[in-house]
$ cat model_27.pdb   # PDB, C-alpha atoms and all ligand atoms
ATOM      1  CA  MET A   1     117.433  87.124 126.765
ATOM      2  CA  ASP A   2     115.256  86.713 129.865
ATOM      3  CA  ALA A   3     111.778  85.143 129.719
ATOM      4  CA  LYS A   4     109.976  88.488 129.799
ATOM      5  CA  ASN A   5     111.991  89.839 126.866
ATOM      6  CA  GLU A   6     111.514  86.619 124.934
ATOM      7  CA  VAL A   7     107.734  86.770 125.404
ATOM      8  CA  PHE A   8     107.664  90.414 124.315
ATOM      9  CA  THR A   9     109.795  89.792 121.210
ATOM     10  CA  THR A  10     107.811  86.700 120.237
ATOM     11  CA  ALA A  11     104.472  88.446 120.787
ATOM     12  CA  LYS A  12     105.571  91.135 118.312
ATOM     13  CA  ARG A  13     106.687  88.426 115.871
ATOM     14  CA  VAL A  14     103.342  86.561 115.993
ATOM     15  CA  TYR A  15     101.619  89.879 115.412
ATOM     16  CA  SER A  16     103.757  90.918 112.442
ATOM     17  CA  ALA A  17     103.454  87.394 110.971
ATOM     18  CA  ARG A  18      99.659  87.878 111.166
ATOM     19  CA  LEU A  19      99.171  84.825 113.333
ATOM     20  CA  VAL A  20      97.150  86.869 115.847
ATOM     21  CA  THR A  21      94.640  89.714 115.706
ATOM     22  CA  ALA A  22      93.991  92.479 118.282
ATOM     23  CA  SER A  23      94.578  90.848 121.699
ATOM     24  CA  LEU A  24      93.586  87.286 120.722
ATOM     25  CA  GLY A  25      96.062  84.486 121.372
ATOM     26  CA  ASN A  26      98.863  84.474 123.927
ATOM     27  CA  VAL A  27     102.566  83.766 124.389
ATOM     28  CA  SER A  28     104.475  82.502 127.422
ATOM     29  CA  CYS A  29     107.936  81.352 128.462
ATOM     30  CA  ARG A  30     109.090  79.517 131.584
ATOM     31  CA  ASP A  31     112.519  80.271 133.057
ATOM     32  CA  GLU A  32     114.766  77.860 134.941
ATOM     33  CA  GLU A  33     113.381  78.972 138.320
ATOM     34  CA  GLY A  34     109.847  78.044 137.237
ATOM     35  CA  THR A  35     108.639  81.609 136.772
ATOM     36  CA  VAL A  36     106.345  82.062 133.788
ATOM     37  CA  ALA A  37     106.331  85.281 131.739
ATOM     38  CA  ILE A  38     103.071  85.667 129.811
ATOM     39  CA  THR A  39     101.254  88.215 127.674
ATOM     40  CA  PRO A  40      98.634  90.274 129.534
ATOM     41  CA  SER A  41      94.880  89.963 129.163
ATOM     42  CA  GLY A  42      93.168  92.317 126.742
ATOM     43  CA  ILE A  43      96.124  94.412 125.478
ATOM     44  CA  ASP A  44      96.433  94.629 121.692
ATOM     45  CA  TYR A  45      99.725  93.311 120.299
ATOM     46  CA  GLU A  46     100.212  96.480 118.319
ATOM     47  CA  VAL A  47     100.570  98.637 121.446
ATOM     48  CA  LEU A  48     102.079  95.989 123.719
ATOM     49  CA  THR A  49     105.248  97.080 125.576
ATOM     50  CA  LEU A  50     107.836  95.082 127.501
ATOM     51  CA  GLU A  51     106.418  96.452 130.780
ATOM     52  CA  ASP A  52     103.009  94.958 129.943
ATOM     53  CA  ILE A  53     104.341  91.369 130.182
ATOM     54  CA  VAL A  54     103.169  89.707 133.410
ATOM     55  CA  THR A  55     104.969  87.058 135.457
ATOM     56  CA  VAL A  56     103.138  84.281 137.324
ATOM     57  CA  ASP A  57     104.111  81.171 139.259
ATOM     58  CA  LEU A  58     103.411  77.657 137.984
ATOM     59  CA  HIS A  59      99.913  77.827 139.479
ATOM     60  CA  GLY A  60      99.057  81.088 137.733
ATOM     61  CA  ASN A  61      99.402  83.374 140.760
ATOM     62  CA  LYS A  62     100.616  86.798 139.659
ATOM     63  CA  LEU A  63     104.125  87.691 140.771
ATOM     64  CA  ARG A  64     104.766  90.941 138.890
ATOM     65  CA  GLY A  65     102.955  93.124 136.389
ATOM     66  CA  HIS A  66     100.478  95.981 135.996
ATOM     67  CA  HIS A  67      97.869  93.901 134.188
ATOM     68  CA  ASN A  68      96.086  90.617 134.628
ATOM     69  CA  PRO A  69      97.839  87.691 132.962
ATOM     70  CA  SER A  70      96.269  86.203 129.813
ATOM     71  CA  SER A  71      92.886  84.555 130.386
ATOM     72  CA  GLU A  72      94.477  81.342 129.053
ATOM     73  CA  THR A  73      97.041  81.279 131.891
ATOM     74  CA  PRO A  74      95.465  78.086 133.385
ATOM     75  CA  MET A  75      96.182  76.252 130.095
ATOM     76  CA  HIS A  76      99.790  77.492 129.982
ATOM     77  CA  THR A  77     100.645  76.716 133.611
ATOM     78  CA  LEU A  78      98.972  73.282 133.469
ATOM     79  CA  ILE A  79     101.202  72.408 130.509
ATOM     80  CA  TYR A  80     104.350  73.658 132.288
ATOM     81  CA  ARG A  81     103.479  71.682 135.429
ATOM     82  CA  LYS A  82     102.894  68.441 133.497
ATOM     83  CA  ARG A  83     105.676  68.781 130.933
ATOM     84  CA  PRO A  84     109.013  69.936 132.386
ATOM     85  CA  ASP A  85     110.503  69.590 128.876
ATOM     86  CA  ILE A  86     108.315  72.462 127.602
ATOM     87  CA  ALA A  87     109.598  76.017 128.165
ATOM     88  CA  GLY A  88     107.685  78.028 125.550
ATOM     89  CA  ILE A  89     104.047  78.197 124.406
ATOM     90  CA  VAL A  90     102.404  80.117 121.563
ATOM     91  CA  HIS A  91      98.620  80.112 121.200
ATOM     92  CA  THR A  92      97.054  81.697 118.122
ATOM     93  CA  HIS A  93      93.753  81.888 116.282
ATOM     94  CA  SER A  94      95.564  82.022 112.925
ATOM     95  CA  LEU A  95      93.083  81.924 110.056
ATOM     96  CA  TYR A  96      93.833  78.846 107.965
ATOM     97  CA  ALA A  97      94.705  76.575 110.864
ATOM     98  CA  SER A  98      91.633  77.719 112.807
ATOM     99  CA  ALA A  99      89.515  76.798 109.772
ATOM    100  CA  PHE A 100      90.771  73.198 110.170
ATOM    101  CA  SER A 101      89.874  73.379 113.876
ATOM    102  CA  VAL A 102      86.246  74.282 113.216
ATOM    103  CA  VAL A 103      85.764  71.281 110.934
ATOM    104  CA  ASN A 104      87.708  69.046 113.362
ATOM    105  CA  LYS A 105      90.243  68.088 110.691
ATOM    106  CA  GLU A 106      93.923  67.264 111.266
ATOM    107  CA  ILE A 107      96.534  69.103 109.174
ATOM    108  CA  PRO A 108      98.451  66.445 107.223
ATOM    109  CA  VAL A 109     102.201  66.305 106.589
ATOM    110  CA  ASP A 110     102.172  67.475 102.962
ATOM    111  CA  MET A 111     105.366  69.491 103.414
ATOM    112  CA  VAL A 112     108.663  68.382 104.965
ATOM    113  CA  GLU A 113     108.771  71.364 107.322
ATOM    114  CA  VAL A 114     105.732  70.008 109.160
ATOM    115  CA  ALA A 115     107.705  66.852 109.979
ATOM    116  CA  ALA A 116     110.832  68.870 110.819
ATOM    117  CA  HIS A 117     109.260  71.491 113.082
ATOM    118  CA  VAL A 118     105.988  69.950 114.311
ATOM    119  CA  GLY A 119     106.993  66.285 114.317
ATOM    120  CA  GLY A 120     103.978  64.825 112.504
ATOM    121  CA  ARG A 121     100.350  65.542 111.610
ATOM    122  CA  VAL A 122      98.741  68.347 113.573
ATOM    123  CA  PRO A 123      96.005  66.620 115.625
ATOM    124  CA  VAL A 124      92.827  68.213 116.995
ATOM    125  CA  ALA A 125      92.209  68.354 120.765
ATOM    126  CA  PRO A 126      88.489  67.994 121.584
ATOM    127  CA  TYR A 127      86.642  71.200 122.457
ATOM    128  CA  MET A 128      87.023  72.514 125.995
ATOM    129  CA  PRO A 129      85.984  75.946 127.268
ATOM    130  CA  PRO A 130      88.628  78.682 126.935
ATOM    131  CA  GLY A 131      90.353  79.825 130.104
ATOM    132  CA  THR A 132      90.320  76.385 131.741
ATOM    133  CA  LYS A 133      93.102  73.984 132.654
ATOM    134  CA  GLU A 134      91.014  71.282 130.969
ATOM    135  CA  LEU A 135      91.887  72.940 127.659
ATOM    136  CA  GLY A 136      95.565  72.322 128.460
ATOM    137  CA  GLU A 137      94.832  68.720 129.466
ATOM    138  CA  ALA A 138      92.960  68.073 126.206
ATOM    139  CA  ALA A 139      95.920  69.458 124.255
ATOM    140  CA  LEU A 140      98.487  67.368 126.127
ATOM    141  CA  ASN A 141      96.408  64.233 125.479
ATOM    142  CA  VAL A 142      96.835  64.606 121.715
ATOM    143  CA  LEU A 143     100.287  66.251 121.529
ATOM    144  CA  GLY A 144     102.596  63.369 122.411
ATOM    145  CA  ASP A 145     106.055  64.413 121.202
ATOM    146  CA  ARG A 146     104.627  66.850 118.640
ATOM    147  CA  ARG A 147     105.020  70.608 118.945
ATOM    148  CA  ALA A 148     101.553  71.668 117.854
ATOM    149  CA  CYS A 149      97.913  70.743 117.888
ATOM    150  CA  LEU A 150      94.639  72.389 116.995
ATOM    151  CA  LEU A 151      92.120  73.260 119.691
ATOM    152  CA  GLN A 152      88.710  72.354 118.290
ATOM    153  CA  ASN A 153      86.559  75.383 117.362
ATOM    154  CA  HIS A 154      89.266  77.649 118.723
ATOM    155  CA  GLY A 155      92.774  77.802 117.245
ATOM    156  CA  VAL A 156      96.358  76.580 117.462
ATOM    157  CA  LEU A 157      98.525  75.589 120.401
ATOM    158  CA  ALA A 158     102.277  75.292 119.823
ATOM    159  CA  VAL A 159     104.844  74.236 122.416
ATOM    160  CA  GLY A 160     108.598  73.743 122.513
ATOM    161  CA  GLY A 161     111.691  73.219 124.603
ATOM    162  CA  THR A 162     112.325  76.871 123.742
ATOM    163  CA  LEU A 163     109.892  79.646 122.855
ATOM    164  CA  GLU A 164     111.641  79.929 119.475
ATOM    165  CA  LYS A 165     110.677  76.321 118.656
ATOM    166  CA  ALA A 166     107.075  76.930 119.714
ATOM    167  CA  TYR A 167     106.951  80.071 117.538
ATOM    168  CA  LYS A 168     108.321  78.221 114.540
ATOM    169  CA  ALA A 169     105.789  75.404 114.976
ATOM    170  CA  ALA A 170     102.904  77.903 115.218
ATOM    171  CA  ALA A 171     104.076  79.679 112.047
ATOM    172  CA  ILE A 172     104.561  76.444 110.094
ATOM    173  CA  VAL A 173     101.152  75.076 111.120
ATOM    174  CA  GLU A 174      99.549  78.139 109.560
ATOM    175  CA  VAL A 175     101.523  77.828 106.318
ATOM    176  CA  ALA A 176     100.783  74.085 106.147
ATOM    177  CA  ALA A 177      97.052  74.676 106.630
ATOM    178  CA  CYS A 178      97.052  77.278 103.853
ATOM    179  CA  ILE A 179      99.043  75.080 101.445
ATOM    180  CA  HIS A 180      96.821  72.060 102.100
ATOM    181  CA  LEU A 181      93.731  74.124 101.423
ATOM    182  CA  LEU A 182      95.178  75.631  98.212
ATOM    183  CA  GLY A 183      96.429  72.205  97.109
ATOM    184  CA  SER A 184      92.940  70.790  97.632
ATOM    185  CA  LEU A 185      91.571  73.351  95.184
ATOM    186  CA  LEU A 186      94.101  72.285  92.550
ATOM    187  CA  GLY A 187      93.864  68.546  93.078
ATOM    188  CA  GLU A 188      94.458  65.870  95.700
ATOM    189  CA  PRO A 189      97.361  66.836  98.006
ATOM    190  CA  ARG A 190      99.801  63.962  98.500
ATOM    191  CA  GLU A 191     100.797  63.422 102.095
ATOM    192  CA  LEU A 192     104.364  62.251 102.790
ATOM    193  CA  GLU A 193     104.773  58.524 103.479
ATOM    194  CA  GLU A 194     105.266  57.544 107.124
ATOM    195  CA  GLU A 195     108.812  56.418 106.269
ATOM    196  CA  ASP A 196     109.690  59.816 104.768
ATOM    197  CA  ILE A 197     108.191  61.658 107.736
ATOM    198  CA  GLN A 198     110.336  59.563 110.085
ATOM    199  CA  ARG A 199     113.459  60.206 108.021
ATOM    200  CA  VAL A 200     112.941  63.981 108.168
ATOM    201  CA  LYS A 201     112.195  63.779 111.902
ATOM    202  CA  ASP A 202     115.415  61.843 112.536
ATOM    203  CA  LEU A 203     117.409  64.497 110.710
ATOM    204  CA  TYR A 204     115.778  67.747 111.826
ATOM    205  CA  PHE A 205     113.254  67.340 114.652
ATOM    206  CA  ARG A 206     115.246  68.158 117.733
TER     207      ARG A 206
HETATM  208 ZN    ZN B 301      92.345  81.398 122.230
END
$ encode --input "model_27.pdb" --output "structure tokens"
Amino acid sequence: MDAKNEVFTTAKRVYSARLVTASLGNVSCRDEEGTVAITPSGIDYEVLTLEDIVTVDLHGNKLRGHHNPSSETPMHTLIYRKRPDIAGIVHTHSLYASAFSVVNKEIPVDMVEVAAHVGGRVPVAPYMPPGTKELGEAALNVLGDRRACLLQNHGVLAVGGTLEKAYKAAAIVEVAACIHLLGSLLGEPRELEEEDIQRVKDLYFR
């Protein structure tokens, strides 16, 4: 599947998984030539078509497309320029994870899938204005080798060597946020020990 098709398919998946609402959030994929396919600005996911996906270069200049690229294009292209190992990005405002972002609280590794698909706790990148490359820089500063972080007072950023990995991380972050919150109502959630997190990472985080 080419990058444009992958972005389209993943955009529909994030919409049907209820990780995004209306036109909020964005999805991108970089191909081997360094062309970035990205969701357009202001088009609702529900009506999005393959032809609506825009392509830009690594500096965000539009190459092809009828619409403007996502307003968060500077964040996406900054990440691709600085991290050649990243080829897919999913940004959402998913409800439970965004709730953690507004109280500036990391999502702990209560569940093994967080270690397996995110690679550790989900940290919070300090607030930066949307639509800036500084937002991407703030995220990279806290990501390390992890596949997801929260953007303070904003939402979730997930990255991966493939767009599929970024999608999975974004989906698992939301489930983990919800489970932690529900667990907190029932009692004191137990976070996995560092040793157990590492063991799961060694087996599955690749
Ligand atoms: Zn956003």
$ residues_near_ligand --input "model_27.pdb" --ligand "ligand ZN 301 (chain B)" --cutoff "8 Å" --atoms "only C-alpha atoms and all ligand atoms" --output "list in words"
Leu24, Gly25, Asn26, Glu72, His91, Thr92, His93, Pro130, His154, Gly155 and Val156 of chain A
$ closest_residue --input "model_27.pdb" --among "A:Val27, A:Val14, A:Pro69, A:Thr21" --to "Pro40 in chain A" --atoms "all atoms listed in the file"
A:Pro69
$ atom_distance --input "model_27.pdb" --atom1 "CA of Ala3 in chain A" --atom2 "CA of His117 in chain A"
21.7 Å
$ residues_near_point --input "model_27.pdb" --point "(92.4, 77.1, 134.5)" --cutoff "7 Å" --atoms "all atoms listed in the file" --output "JSON list (two decimals) with C-alpha atoms, in the coordinates of the input"
[["chain", "number", "residue", "atom", "x", "y", "z"],
["A", 73, "THR", "CA", 97.04, 81.28, 131.89],
["A", 74, "PRO", "CA", 95.46, 78.09, 133.38],
["A", 75, "MET", "CA", 96.18, 76.25, 130.10],
["A", 131, "GLY", "CA", 90.35, 79.82, 130.10],
["A", 132, "THR", "CA", 90.32, 76.39, 131.74],
["A", 133, "LYS", "CA", 93.10, 73.98, 132.65],
["A", 134, "GLU", "CA", 91.01, 71.28, 130.97]]
$ resolve_selection --input "model_27.pdb" --expression "the PyMOL selection byres (((chain A and resi 33-39) around 8) and not hetatm)" --output "list in words"
Ala3, Lys4, Val7, Phe8, Ala11, Asn26, Val27, Ser28, Cys29, Arg30, Asp31, Glu32, Pro40, Ser41, Asp52, Ile53, Val54, Thr55, Val56, Asp57, Leu58, Pro69, Ser70, Thr73 and Thr77 of chain A
$ atom_distance --input "model_27.pdb" --atom1 "CA of Ser23 in chain A" --atom2 "CA of Gly60 in chain A"
19.3 Å
$ resolve_selection --input "model_27.pdb" --expression "the PyMOL selection byres (((chain A and resi 200-203) around 7) and not hetatm)" --output "list in words"
Val112, Ala115, Ala116, Gly119, Asp196, Ile197, Gln198, Arg199, Tyr204 and Phe205 of chain A
$ closest_residue --input "model_27.pdb" --among "A:Ala177, A:Leu150, A:Leu185, A:Met1" --to "Met111 in chain A" --atoms "only C-alpha atoms"
A:Ala177
$ atom_distance --input "model_27.pdb" --atom1 "CA of Val118 in chain A" --atom2 "CA of Gly161 in chain A"
12.2 Å
$ closest_residue --input "model_27.pdb" --among "A:Leu50, A:Val142, A:Ser71, A:Glu113" --to "Pro129 in chain A" --atoms "all atoms listed in the file"
A:Ser71
$ closest_residue --input "model_27.pdb" --among "A:Leu95, A:Val102, A:Ile43, A:Ala125" --to "Arg18 in chain A" --atoms "only C-alpha atoms"
A:Leu95
$ closest_residue --input "model_27.pdb" --among "A:Gly42, A:Pro189, A:Gly120, A:Pro108" --to "Arg146 in chain A" --atoms "all atoms listed in the file"
A:Gly120
$ closest_residue --input "model_27.pdb" --among "A:Thr9, A:Gly160, A:Pro84, A:Glu46" --to "Arg206 in chain A" --atoms "all atoms listed in the file"
A:Gly160
$ resolve_selection --input "model_27.pdb" --expression "the PyMOL selection byres (((chain A and resi 170) around 8) and not hetatm)" --output "ChimeraX atom specification"
/A:90-92,148,156-158,166-169,171-174
$ decode --input "model_27.pdb" --residues "range 63-83 of chain A" --atoms "N, CA, C and O atoms" --output "PDB file, in the first residue's frame"
ATOM      1  N   LEU A  63       2.981  19.258  -2.309  1.00  0.00           N
ATOM      2  CA  LEU A  63       3.368  18.691  -3.593  1.00  0.00           C
ATOM      3  C   LEU A  63       2.124  18.404  -4.438  1.00  0.00           C
ATOM      4  O   LEU A  63       2.058  18.763  -5.599  1.00  0.00           O
ATOM      5  N   ARG A  64       1.155  17.719  -3.817  1.00  0.00           N
ATOM      6  CA  ARG A  64      -0.080  17.364  -4.526  1.00  0.00           C
ATOM      7  C   ARG A  64      -1.268  17.403  -3.565  1.00  0.00           C
ATOM      8  O   ARG A  64      -1.120  17.096  -2.389  1.00  0.00           O
ATOM      9  N   GLY A  65      -2.419  17.769  -4.110  1.00  0.00           N
ATOM     10  CA  GLY A  65      -3.637  17.724  -3.295  1.00  0.00           C
ATOM     11  C   GLY A  65      -4.524  18.923  -3.542  1.00  0.00           C
ATOM     12  O   GLY A  65      -4.043  19.989  -3.917  1.00  0.00           O
ATOM     13  N   HIS A  66      -5.847  18.725  -3.327  1.00  0.00           N
ATOM     14  CA  HIS A  66      -6.811  19.800  -3.562  1.00  0.00           C
ATOM     15  C   HIS A  66      -6.977  20.683  -2.336  1.00  0.00           C
ATOM     16  O   HIS A  66      -7.538  21.761  -2.421  1.00  0.00           O
ATOM     17  N   HIS A  67      -6.539  20.194  -1.182  1.00  0.00           N
ATOM     18  CA  HIS A  67      -6.766  20.928   0.062  1.00  0.00           C
ATOM     19  C   HIS A  67      -5.438  21.353   0.673  1.00  0.00           C
ATOM     20  O   HIS A  67      -4.376  20.920   0.233  1.00  0.00           O
ATOM     21  N   ASN A  68      -5.551  22.166   1.736  1.00  0.00           N
ATOM     22  CA  ASN A  68      -4.348  22.462   2.503  1.00  0.00           C
ATOM     23  C   ASN A  68      -4.019  21.254   3.382  1.00  0.00           C
ATOM     24  O   ASN A  68      -4.925  20.565   3.855  1.00  0.00           O
ATOM     25  N   PRO A  69      -2.728  21.005   3.607  1.00  0.00           N
ATOM     26  CA  PRO A  69      -2.390  19.912   4.522  1.00  0.00           C
ATOM     27  C   PRO A  69      -2.810  20.275   5.943  1.00  0.00           C
ATOM     28  O   PRO A  69      -3.032  21.453   6.243  1.00  0.00           O
ATOM     29  N   SER A  70      -2.909  19.277   6.809  1.00  0.00           N
ATOM     30  CA  SER A  70      -3.253  19.491   8.219  1.00  0.00           C
ATOM     31  C   SER A  70      -2.498  20.682   8.808  1.00  0.00           C
ATOM     32  O   SER A  70      -1.335  20.915   8.487  1.00  0.00           O
ATOM     33  N   SER A  71      -3.175  21.414   9.708  1.00  0.00           N
ATOM     34  CA  SER A  71      -2.513  22.556  10.353  1.00  0.00           C
ATOM     35  C   SER A  71      -1.344  22.104  11.225  1.00  0.00           C
ATOM     36  O   SER A  71      -0.482  22.901  11.574  1.00  0.00           O
ATOM     37  N   GLU A  72      -1.313  20.810  11.579  1.00  0.00           N
ATOM     38  CA  GLU A  72      -0.191  20.300  12.390  1.00  0.00           C
ATOM     39  C   GLU A  72       0.960  19.763  11.524  1.00  0.00           C
ATOM     40  O   GLU A  72       1.848  19.081  12.034  1.00  0.00           O
ATOM     41  N   THR A  73       0.948  20.080  10.222  1.00  0.00           N
ATOM     42  CA  THR A  73       2.026  19.616   9.349  1.00  0.00           C
ATOM     43  C   THR A  73       3.427  19.996   9.873  1.00  0.00           C
ATOM     44  O   THR A  73       4.343  19.166   9.806  1.00  0.00           O
ATOM     45  N   PRO A  74       3.632  21.219  10.428  1.00  0.00           N
ATOM     46  CA  PRO A  74       4.978  21.534  10.937  1.00  0.00           C
ATOM     47  C   PRO A  74       5.464  20.551  12.014  1.00  0.00           C
ATOM     48  O   PRO A  74       6.656  20.225  12.065  1.00  0.00           O
ATOM     49  N   MET A  75       4.545  20.068  12.860  1.00  0.00           N
ATOM     50  CA  MET A  75       4.927  19.078  13.881  1.00  0.00           C
ATOM     51  C   MET A  75       5.335  17.758  13.210  1.00  0.00           C
ATOM     52  O   MET A  75       6.364  17.167  13.555  1.00  0.00           O
ATOM     53  N   HIS A  76       4.535  17.316  12.242  1.00  0.00           N
ATOM     54  CA  HIS A  76       4.817  16.038  11.575  1.00  0.00           C
ATOM     55  C   HIS A  76       6.163  16.090  10.832  1.00  0.00           C
ATOM     56  O   HIS A  76       6.985  15.187  10.971  1.00  0.00           O
ATOM     57  N   THR A  77       6.360  17.146  10.036  1.00  0.00           N
ATOM     58  CA  THR A  77       7.574  17.173   9.206  1.00  0.00           C
ATOM     59  C   THR A  77       8.828  17.387  10.057  1.00  0.00           C
ATOM     60  O   THR A  77       9.880  16.834   9.748  1.00  0.00           O
ATOM     61  N   LEU A  78       8.688  18.139  11.158  1.00  0.00           N
ATOM     62  CA  LEU A  78       9.838  18.297  12.074  1.00  0.00           C
ATOM     63  C   LEU A  78      10.258  16.932  12.600  1.00  0.00           C
ATOM     64  O   LEU A  78      11.452  16.588  12.607  1.00  0.00           O
ATOM     65  N   ILE A  79       9.281  16.124  13.002  1.00  0.00           N
ATOM     66  CA  ILE A  79       9.582  14.793  13.541  1.00  0.00           C
ATOM     67  C   ILE A  79      10.242  13.916  12.471  1.00  0.00           C
ATOM     68  O   ILE A  79      11.237  13.244  12.731  1.00  0.00           O
ATOM     69  N   TYR A  80       9.732  13.952  11.240  1.00  0.00           N
ATOM     70  CA  TYR A  80      10.336  13.139  10.175  1.00  0.00           C
ATOM     71  C   TYR A  80      11.763  13.594   9.858  1.00  0.00           C
ATOM     72  O   TYR A  80      12.632  12.779   9.555  1.00  0.00           O
ATOM     73  N   ARG A  81      11.995  14.910   9.913  1.00  0.00           N
ATOM     74  CA  ARG A  81      13.352  15.405   9.627  1.00  0.00           C
ATOM     75  C   ARG A  81      14.338  14.958  10.701  1.00  0.00           C
ATOM     76  O   ARG A  81      15.466  14.586  10.408  1.00  0.00           O
ATOM     77  N   LYS A  82      13.887  14.987  11.969  1.00  0.00           N
ATOM     78  CA  LYS A  82      14.807  14.677  13.080  1.00  0.00           C
ATOM     79  C   LYS A  82      14.919  13.189  13.383  1.00  0.00           C
ATOM     80  O   LYS A  82      15.886  12.760  14.012  1.00  0.00           O
ATOM     81  N   ARG A  83      13.914  12.418  12.972  1.00  0.00           N
ATOM     82  CA  ARG A  83      13.924  10.991  13.320  1.00  0.00           C
ATOM     83  C   ARG A  83      13.685  10.136  12.072  1.00  0.00           C
ATOM     84  O   ARG A  83      12.562   9.738  11.775  1.00  0.00           O
TER      85      ARG A  83
END
